[in-house]
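For reference, the structure is listed below as structure tokens.
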Amino acid sequence: MSDEDLTGAGAGAETLDAAATDLLTKLSAVLGDAIVEHAGNHGDLVVRVKPSGWRLAAETARAKLSCDYLSFLSAVDWMPTPSVGESEAGSDTSAPVQPKEMTFGVAGSAGRFQLLACVESTAHHWNVLFKTDIDETNPVVESWVPVYPGADWHERECWEMYGITFDGHPSLRHLYLPSEFEGHPLRKDFPLLAREVKPWPGLVDVEAMPGEAPGGDDEGGDA
């Protein structure tokens, strides 16, 4: 890896400071080609690794970087939010403009789904954000639970909400949803009732008043 690569300039992002560069050097010595891309983000190191190196990234961070604390583990669906029809949106212009094409965050992505995890060193006060691409047709990756037991809850949530399977997890089971629930609510293509035209459930047939045509029109002619 060249000096330019280590500073993050090759990734077209922030220049890494000395501490982040040292962390990247230690990671690269173990992960090697498993590192796909890296970048600086507000002074923090972001490292994107191949799915095959996901577990190794956790092991390396714990053993070589003294990252003893898992801050969070979650997923992201980069697919643009489905557009809302003008009839449903009305004239409200307060909603933020949504992207029409798929865009990605720092250190890029190979597709729609990514897994993210942030680990920290409580002794040295540094942290690293890891990312890995998740195959949309076969969303499976190794579990971090053997390395960071606190990943248990986070991985269950990702499995439930995004449909990502964690190989080696001791017990993937629902946290929030009933066991018979179908689908993954945090996927952008999950059908939300608010986006569908549904008849109002309380709507009933109302008998017209005397002298009034069905639908509320007055039968008396011109006023």
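Residue numbering restarts at 1 in every chain; chains get A, B, ... in the order shown in the structure tokens, and ligands count up from 1 in that same order.
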
Practice problem: Determine, counting only C-alpha atoms, which protein, DNA and RNA residues have an atom within 8 Å of an atom of stretch 23-39 of chain A; residues of the same chain fewer than 3 positions away are not included. Present the result as a PyMOL selection string. | Solution: chain A and resi 6+8+11-16+19-20+45-50+52-53+56-57+60-61+64-65+106-108

Quiz item: as a PyMOL selection string, which residues of stretch 95-151 of chain A does DSSP assign to strand (DSSP E or B)?
Solution: chain A and resi 113-120+127-134+140-142

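Non-sequential neighbours of A:Met102 (distance at most 8 Å, separation of 6 or more positions within a chain, only C-alpha atoms) are A:Trp78, A:Met79, A:Pro80, A:Arg112.
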
Practice problem: Tell me, as a PyMOL selection string, which residues lie within 10 Å of stretch 73-76 of chain A, counting only C-alpha atoms; anything in the same chain fewer than 3 positions away does not count. | Solution: chain A and resi 70+79+104+112-119+129-134+144+150-159+161-162+164+186-188

Include N, CA, C and O atoms and write out the residues we just selected as a compact mmCIF listing (two decimals), in the first residue's frame.
```txt
# COMPACT_ATOMS: atom_id res chain seq x y z
N LEU A 70 -17.70 -2.84 21.17
CA LEU A 70 -18.52 -2.72 19.96
C LEU A 70 -19.58 -1.65 20.22
O LEU A 70 -20.48 -1.84 21.03
N MET A 79 -30.92 1.69 -1.63
CA MET A 79 -31.91 1.90 -2.69
C MET A 79 -32.68 3.19 -2.42
O MET A 79 -33.04 3.47 -1.28
N PHE A 104 -24.05 6.24 -2.49
CA PHE A 104 -23.40 5.52 -1.39
C PHE A 104 -22.65 6.48 -0.48
O PHE A 104 -22.32 7.60 -0.85
N ARG A 112 -26.64 -2.60 -3.23
CA ARG A 112 -27.72 -2.03 -2.43
C ARG A 112 -27.53 -2.15 -0.92
O ARG A 112 -27.76 -1.20 -0.18
N PHE A 113 -27.11 -3.31 -0.45
CA PHE A 113 -27.04 -3.54 1.00
C PHE A 113 -25.61 -3.51 1.53
O PHE A 113 -24.68 -4.01 0.89
N GLN A 114 -25.46 -2.92 2.71
CA GLN A 114 -24.18 -2.94 3.41
C GLN A 114 -24.40 -3.17 4.89
O GLN A 114 -25.43 -2.80 5.45
N LEU A 115 -23.39 -3.77 5.51
CA LEU A 115 -23.34 -3.93 6.95
C LEU A 115 -22.30 -2.98 7.49
O LEU A 115 -21.24 -2.79 6.88
N LEU A 116 -22.59 -2.33 8.62
CA LEU A 116 -21.67 -1.39 9.23
C LEU A 116 -21.49 -1.73 10.70
O LEU A 116 -22.44 -2.13 11.37
N ALA A 117 -20.28 -1.57 11.19
CA ALA A 117 -20.01 -1.79 12.61
C ALA A 117 -18.92 -0.84 13.07
O ALA A 117 -17.93 -0.63 12.37
N CYS A 118 -19.11 -0.27 14.24
CA CYS A 118 -18.12 0.65 14.81
C CYS A 118 -17.55 0.03 16.09
O CYS A 118 -18.29 -0.36 16.99
N VAL A 119 -16.23 -0.08 16.13
CA VAL A 119 -15.54 -0.61 17.32
C VAL A 119 -14.63 0.47 17.89
O VAL A 119 -14.10 1.31 17.15
N LEU A 129 -14.69 2.45 11.88
CA LEU A 129 -15.97 2.02 11.31
C LEU A 129 -15.70 1.06 10.17
O LEU A 129 -15.02 1.41 9.20
N PHE A 130 -16.20 -0.17 10.30
CA PHE A 130 -16.05 -1.18 9.24
C PHE A 130 -17.34 -1.27 8.43
O PHE A 130 -18.44 -1.15 8.97
N LYS A 131 -17.16 -1.52 7.13
CA LYS A 131 -18.30 -1.73 6.24
C LYS A 131 -18.02 -2.97 5.40
O LYS A 131 -16.86 -3.28 5.10
N THR A 132 -19.09 -3.67 5.03
CA THR A 132 -18.93 -4.77 4.07
C THR A 132 -20.18 -4.85 3.22
O THR A 132 -21.29 -4.54 3.67
N ASP A 133 -20.01 -5.23 1.96
CA ASP A 133 -21.13 -5.34 1.03
C ASP A 133 -21.86 -6.66 1.26
O ASP A 133 -21.24 -7.70 1.49
N ILE A 134 -23.19 -6.61 1.16
CA ILE A 134 -24.03 -7.78 1.37
C ILE A 134 -24.70 -8.16 0.06
O ILE A 134 -25.34 -7.31 -0.58
N TRP A 144 -20.29 -11.76 14.25
CA TRP A 144 -19.25 -11.18 15.10
C TRP A 144 -19.40 -11.61 16.56
O TRP A 144 -18.58 -11.23 17.39
N GLY A 150 -21.48 -8.66 22.39
CA GLY A 150 -22.53 -7.65 22.31
C GLY A 150 -23.17 -7.54 20.94
O GLY A 150 -24.20 -6.88 20.78
N ALA A 151 -22.58 -8.19 19.94
CA ALA A 151 -23.15 -8.16 18.58
C ALA A 151 -24.42 -9.00 18.49
O ALA A 151 -25.18 -8.88 17.51
N ASP A 152 -24.66 -9.84 19.48
CA ASP A 152 -25.82 -10.74 19.47
C ASP A 152 -27.12 -10.00 19.16
O ASP A 152 -27.83 -10.32 18.21
N TRP A 153 -27.43 -9.00 19.97
CA TRP A 153 -28.67 -8.25 19.81
C TRP A 153 -28.71 -7.52 18.47
O TRP A 153 -29.73 -7.52 17.76
N HIS A 154 -27.60 -6.87 18.11
CA HIS A 154 -27.54 -6.09 16.86
C HIS A 154 -27.77 -6.98 15.64
O HIS A 154 -28.46 -6.58 14.70
N GLU A 155 -27.17 -8.15 15.63
CA GLU A 155 -27.31 -9.04 14.48
C GLU A 155 -28.72 -9.60 14.40
O GLU A 155 -29.24 -9.80 13.29
N ARG A 156 -29.35 -9.85 15.52
CA ARG A 156 -30.75 -10.30 15.49
C ARG A 156 -31.64 -9.23 14.87
O ARG A 156 -32.55 -9.53 14.09
N GLU A 157 -31.37 -7.98 15.22
CA GLU A 157 -32.15 -6.88 14.66
C GLU A 157 -31.93 -6.77 13.15
O GLU A 157 -32.90 -6.58 12.39
N CYS A 158 -30.69 -6.90 12.68
CA CYS A 158 -30.40 -6.84 11.24
C CYS A 158 -31.05 -7.99 10.49
O CYS A 158 -31.57 -7.82 9.38
N TRP A 159 -31.02 -9.15 11.10
CA TRP A 159 -31.66 -10.32 10.48
C TRP A 159 -33.17 -10.10 10.35
O TRP A 159 -33.77 -10.39 9.31
N MET A 161 -34.91 -7.12 10.48
CA MET A 161 -35.33 -5.94 9.74
C MET A 161 -34.83 -5.88 8.30
O MET A 161 -35.45 -5.24 7.45
N TYR A 162 -33.67 -6.53 8.02
CA TYR A 162 -33.10 -6.47 6.68
C TYR A 162 -32.99 -7.83 6.00
O TYR A 162 -32.70 -7.90 4.81
N ILE A 164 -30.70 -10.19 6.71
CA ILE A 164 -29.30 -10.61 6.62
C ILE A 164 -29.06 -11.75 7.61
O ILE A 164 -29.35 -11.61 8.81
N LEU A 186 -37.34 -2.76 7.27
CA LEU A 186 -36.41 -1.67 6.98
C LEU A 186 -35.83 -1.71 5.57
O LEU A 186 -35.04 -0.85 5.19
N ARG A 187 -36.24 -2.69 4.77
CA ARG A 187 -35.88 -2.68 3.36
C ARG A 187 -36.74 -1.61 2.66
O ARG A 187 -37.92 -1.49 2.94
N LYS A 188 -36.12 -0.86 1.76
CA LYS A 188 -36.83 0.24 1.13
C LYS A 188 -38.02 -0.23 0.29
O LYS A 188 -38.96 0.54 0.06
```

Self-check item: Which of stretch 9-166 of chain A fall in helix (DSSP H, G or I), as JSON, numbers by chain
Solution: {"A": [9, 10, 11, 18, 19, 20, 21, 22, 23, 24, 25, 26, 27, 28, 29, 30, 31, 32, 33, 34, 51, 52, 53, 54, 55, 56, 57, 58, 59, 60, 61, 62, 63, 64, 86, 87, 88, 89, 151, 152, 153, 154, 155, 156, 157, 158, 159, 160, 161, 162]}

Could you write out the selected residues, including N, CA and C atoms, as a compact mmCIF listing (two decimals), in the first residue's frame?
```txt
# COMPACT_ATOMS: atom_id res chain seq x y z
N ALA A 9 -5.94 9.71 0.34
CA ALA A 9 -6.07 10.56 -0.84
C ALA A 9 -6.51 9.76 -2.05
N GLY A 10 -6.06 8.48 -2.11
CA GLY A 10 -6.45 7.64 -3.22
C GLY A 10 -7.92 7.33 -3.24
N ALA A 11 -8.59 7.44 -2.07
CA ALA A 11 -10.03 7.18 -2.00
C ALA A 11 -10.84 8.42 -2.28
N ALA A 18 -2.31 11.09 11.63
CA ALA A 18 -1.27 10.12 11.96
C ALA A 18 -1.84 8.91 12.70
N ALA A 19 -2.76 9.15 13.63
CA ALA A 19 -3.33 8.05 14.41
C ALA A 19 -4.14 7.11 13.53
N ALA A 20 -4.98 7.67 12.65
CA ALA A 20 -5.80 6.84 11.76
C ALA A 20 -4.92 6.09 10.76
N THR A 21 -3.85 6.73 10.29
CA THR A 21 -2.92 6.07 9.37
C THR A 21 -2.24 4.88 10.03
N ASP A 22 -1.89 5.03 11.29
CA ASP A 22 -1.27 3.93 12.03
C ASP A 22 -2.24 2.76 12.19
N LEU A 23 -3.51 3.07 12.47
CA LEU A 23 -4.52 2.02 12.60
C LEU A 23 -4.69 1.28 11.27
N LEU A 24 -4.74 2.04 10.18
CA LEU A 24 -4.89 1.42 8.87
C LEU A 24 -3.69 0.54 8.53
N THR A 25 -2.49 0.97 8.88
CA THR A 25 -1.29 0.17 8.62
C THR A 25 -1.36 -1.17 9.34
N LYS A 26 -1.80 -1.14 10.59
CA LYS A 26 -1.91 -2.38 11.38
C LYS A 26 -3.00 -3.30 10.81
N LEU A 27 -4.09 -2.71 10.37
CA LEU A 27 -5.15 -3.52 9.76
C LEU A 27 -4.68 -4.13 8.45
N SER A 28 -4.00 -3.35 7.65
CA SER A 28 -3.54 -3.82 6.33
C SER A 28 -2.54 -4.96 6.46
N ALA A 29 -1.76 -4.95 7.52
CA ALA A 29 -0.76 -6.00 7.71
C ALA A 29 -1.41 -7.37 7.88
N VAL A 30 -2.64 -7.39 8.39
CA VAL A 30 -3.35 -8.66 8.60
C VAL A 30 -4.38 -8.91 7.49
N LEU A 31 -5.16 -7.88 7.16
CA LEU A 31 -6.26 -8.06 6.21
C LEU A 31 -5.82 -8.07 4.76
N GLY A 32 -4.75 -7.33 4.45
CA GLY A 32 -4.23 -7.32 3.08
C GLY A 32 -5.29 -6.96 2.05
N ASP A 33 -5.46 -7.84 1.05
CA ASP A 33 -6.38 -7.59 -0.05
C ASP A 33 -7.85 -7.65 0.38
N ALA A 34 -8.12 -8.04 1.61
CA ALA A 34 -9.50 -8.05 2.08
C ALA A 34 -10.03 -6.64 2.25
N PRO A 51 -16.69 -9.31 2.10
CA PRO A 51 -17.48 -10.14 3.02
C PRO A 51 -16.69 -11.29 3.63
N SER A 52 -15.77 -11.85 2.85
CA SER A 52 -14.96 -12.96 3.35
C SER A 52 -14.02 -12.53 4.47
N GLY A 53 -13.75 -11.22 4.57
CA GLY A 53 -12.86 -10.73 5.62
C GLY A 53 -13.58 -10.05 6.77
N TRP A 54 -14.90 -10.17 6.81
CA TRP A 54 -15.69 -9.48 7.83
C TRP A 54 -15.34 -9.93 9.25
N ARG A 55 -15.33 -11.24 9.47
CA ARG A 55 -14.98 -11.75 10.81
C ARG A 55 -13.53 -11.43 11.16
N LEU A 56 -12.63 -11.58 10.19
CA LEU A 56 -11.21 -11.30 10.42
C LEU A 56 -11.01 -9.83 10.80
N ALA A 57 -11.82 -8.94 10.23
CA ALA A 57 -11.72 -7.52 10.57
C ALA A 57 -12.01 -7.31 12.05
N ALA A 58 -13.02 -8.00 12.56
CA ALA A 58 -13.36 -7.89 13.98
C ALA A 58 -12.24 -8.45 14.85
N GLU A 59 -11.71 -9.60 14.47
CA GLU A 59 -10.63 -10.23 15.25
C GLU A 59 -9.39 -9.36 15.27
N THR A 60 -9.09 -8.74 14.13
CA THR A 60 -7.90 -7.89 14.03
C THR A 60 -8.07 -6.62 14.86
N ALA A 61 -9.25 -6.04 14.79
CA ALA A 61 -9.51 -4.81 15.55
C ALA A 61 -9.37 -5.07 17.05
N ARG A 62 -9.83 -6.22 17.48
CA ARG A 62 -9.76 -6.53 18.91
C ARG A 62 -8.33 -6.86 19.34
N ALA A 63 -7.65 -7.67 18.55
CA ALA A 63 -6.32 -8.14 18.94
C ALA A 63 -5.21 -7.13 18.66
N LYS A 64 -5.28 -6.44 17.54
CA LYS A 64 -4.17 -5.57 17.12
C LYS A 64 -4.40 -4.08 17.41
N GLU A 86 -48.09 12.43 -6.45
CA GLU A 86 -48.46 13.80 -6.15
C GLU A 86 -49.80 13.88 -5.42
N SER A 87 -50.71 12.94 -5.75
CA SER A 87 -52.01 12.97 -5.10
C SER A 87 -51.89 12.69 -3.62
N GLU A 88 -50.89 11.87 -3.24
CA GLU A 88 -50.69 11.56 -1.83
C GLU A 88 -49.85 12.63 -1.15
N ALA A 89 -48.87 13.17 -1.90
CA ALA A 89 -48.00 14.17 -1.31
C ALA A 89 -48.68 15.52 -1.19
N ALA A 151 -22.58 -8.19 19.94
CA ALA A 151 -23.15 -8.16 18.58
C ALA A 151 -24.42 -9.00 18.49
N ASP A 152 -24.66 -9.84 19.48
CA ASP A 152 -25.82 -10.74 19.47
C ASP A 152 -27.12 -10.00 19.16
N TRP A 153 -27.43 -9.00 19.97
CA TRP A 153 -28.67 -8.25 19.81
C TRP A 153 -28.71 -7.52 18.47
N HIS A 154 -27.60 -6.87 18.11
CA HIS A 154 -27.54 -6.09 16.86
C HIS A 154 -27.77 -6.98 15.64
N GLU A 155 -27.17 -8.15 15.63
CA GLU A 155 -27.31 -9.04 14.48
C GLU A 155 -28.72 -9.60 14.40
N ARG A 156 -29.35 -9.85 15.52
CA ARG A 156 -30.75 -10.30 15.49
C ARG A 156 -31.64 -9.23 14.87
N GLU A 157 -31.37 -7.98 15.22
CA GLU A 157 -32.15 -6.88 14.66
C GLU A 157 -31.93 -6.77 13.15
N CYS A 158 -30.69 -6.90 12.68
CA CYS A 158 -30.40 -6.84 11.24
C CYS A 158 -31.05 -7.99 10.49
N TRP A 159 -31.02 -9.15 11.10
CA TRP A 159 -31.66 -10.32 10.48
C TRP A 159 -33.17 -10.10 10.35
N GLU A 160 -33.76 -9.57 11.39
CA GLU A 160 -35.21 -9.35 11.40
C GLU A 160 -35.64 -8.23 10.46
N MET A 161 -34.91 -7.12 10.48
CA MET A 161 -35.33 -5.94 9.74
C MET A 161 -34.83 -5.88 8.30
N TYR A 162 -33.67 -6.53 8.02
CA TYR A 162 -33.10 -6.47 6.68
C TYR A 162 -32.99 -7.83 6.00
```

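Here the question is which of A:Trp126, A:Asp135, A:Val145, A:Gly111 gets nearest to A:Ser66 using only C-alpha atoms, and that residue is A:Trp126.
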
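Shortest separation to A:Phe190 among A:Pro82, A:His174, A:Thr137, A:Pro146 occurs at residue A:Pro82, atoms counted being only C-alpha atoms.
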
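You will find atom CA of A:Asp44 at 12.8 Å from atom CA of A:Ser121.
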
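The coordinates place atom CA of A:Thr81 at 24.9 Å from atom CA of A:Leu175.
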
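Using only C-alpha atoms, the smallest distance between any of A:Gly105, A:Pro99, A:Pro139, A:Gly40 and A:Asp167 comes from A:Pro139.
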
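Distance annotation: of A:Asn41, A:Ser179, A:Ser71, A:Thr165, the residue with the minimal separation from A:Asn138 is A:Thr165; atom set is only C-alpha atoms.
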
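Reported to one decimal place, the separation of atom CA of A:Phe72 from atom CA of A:Val141 is 16.5 Å.
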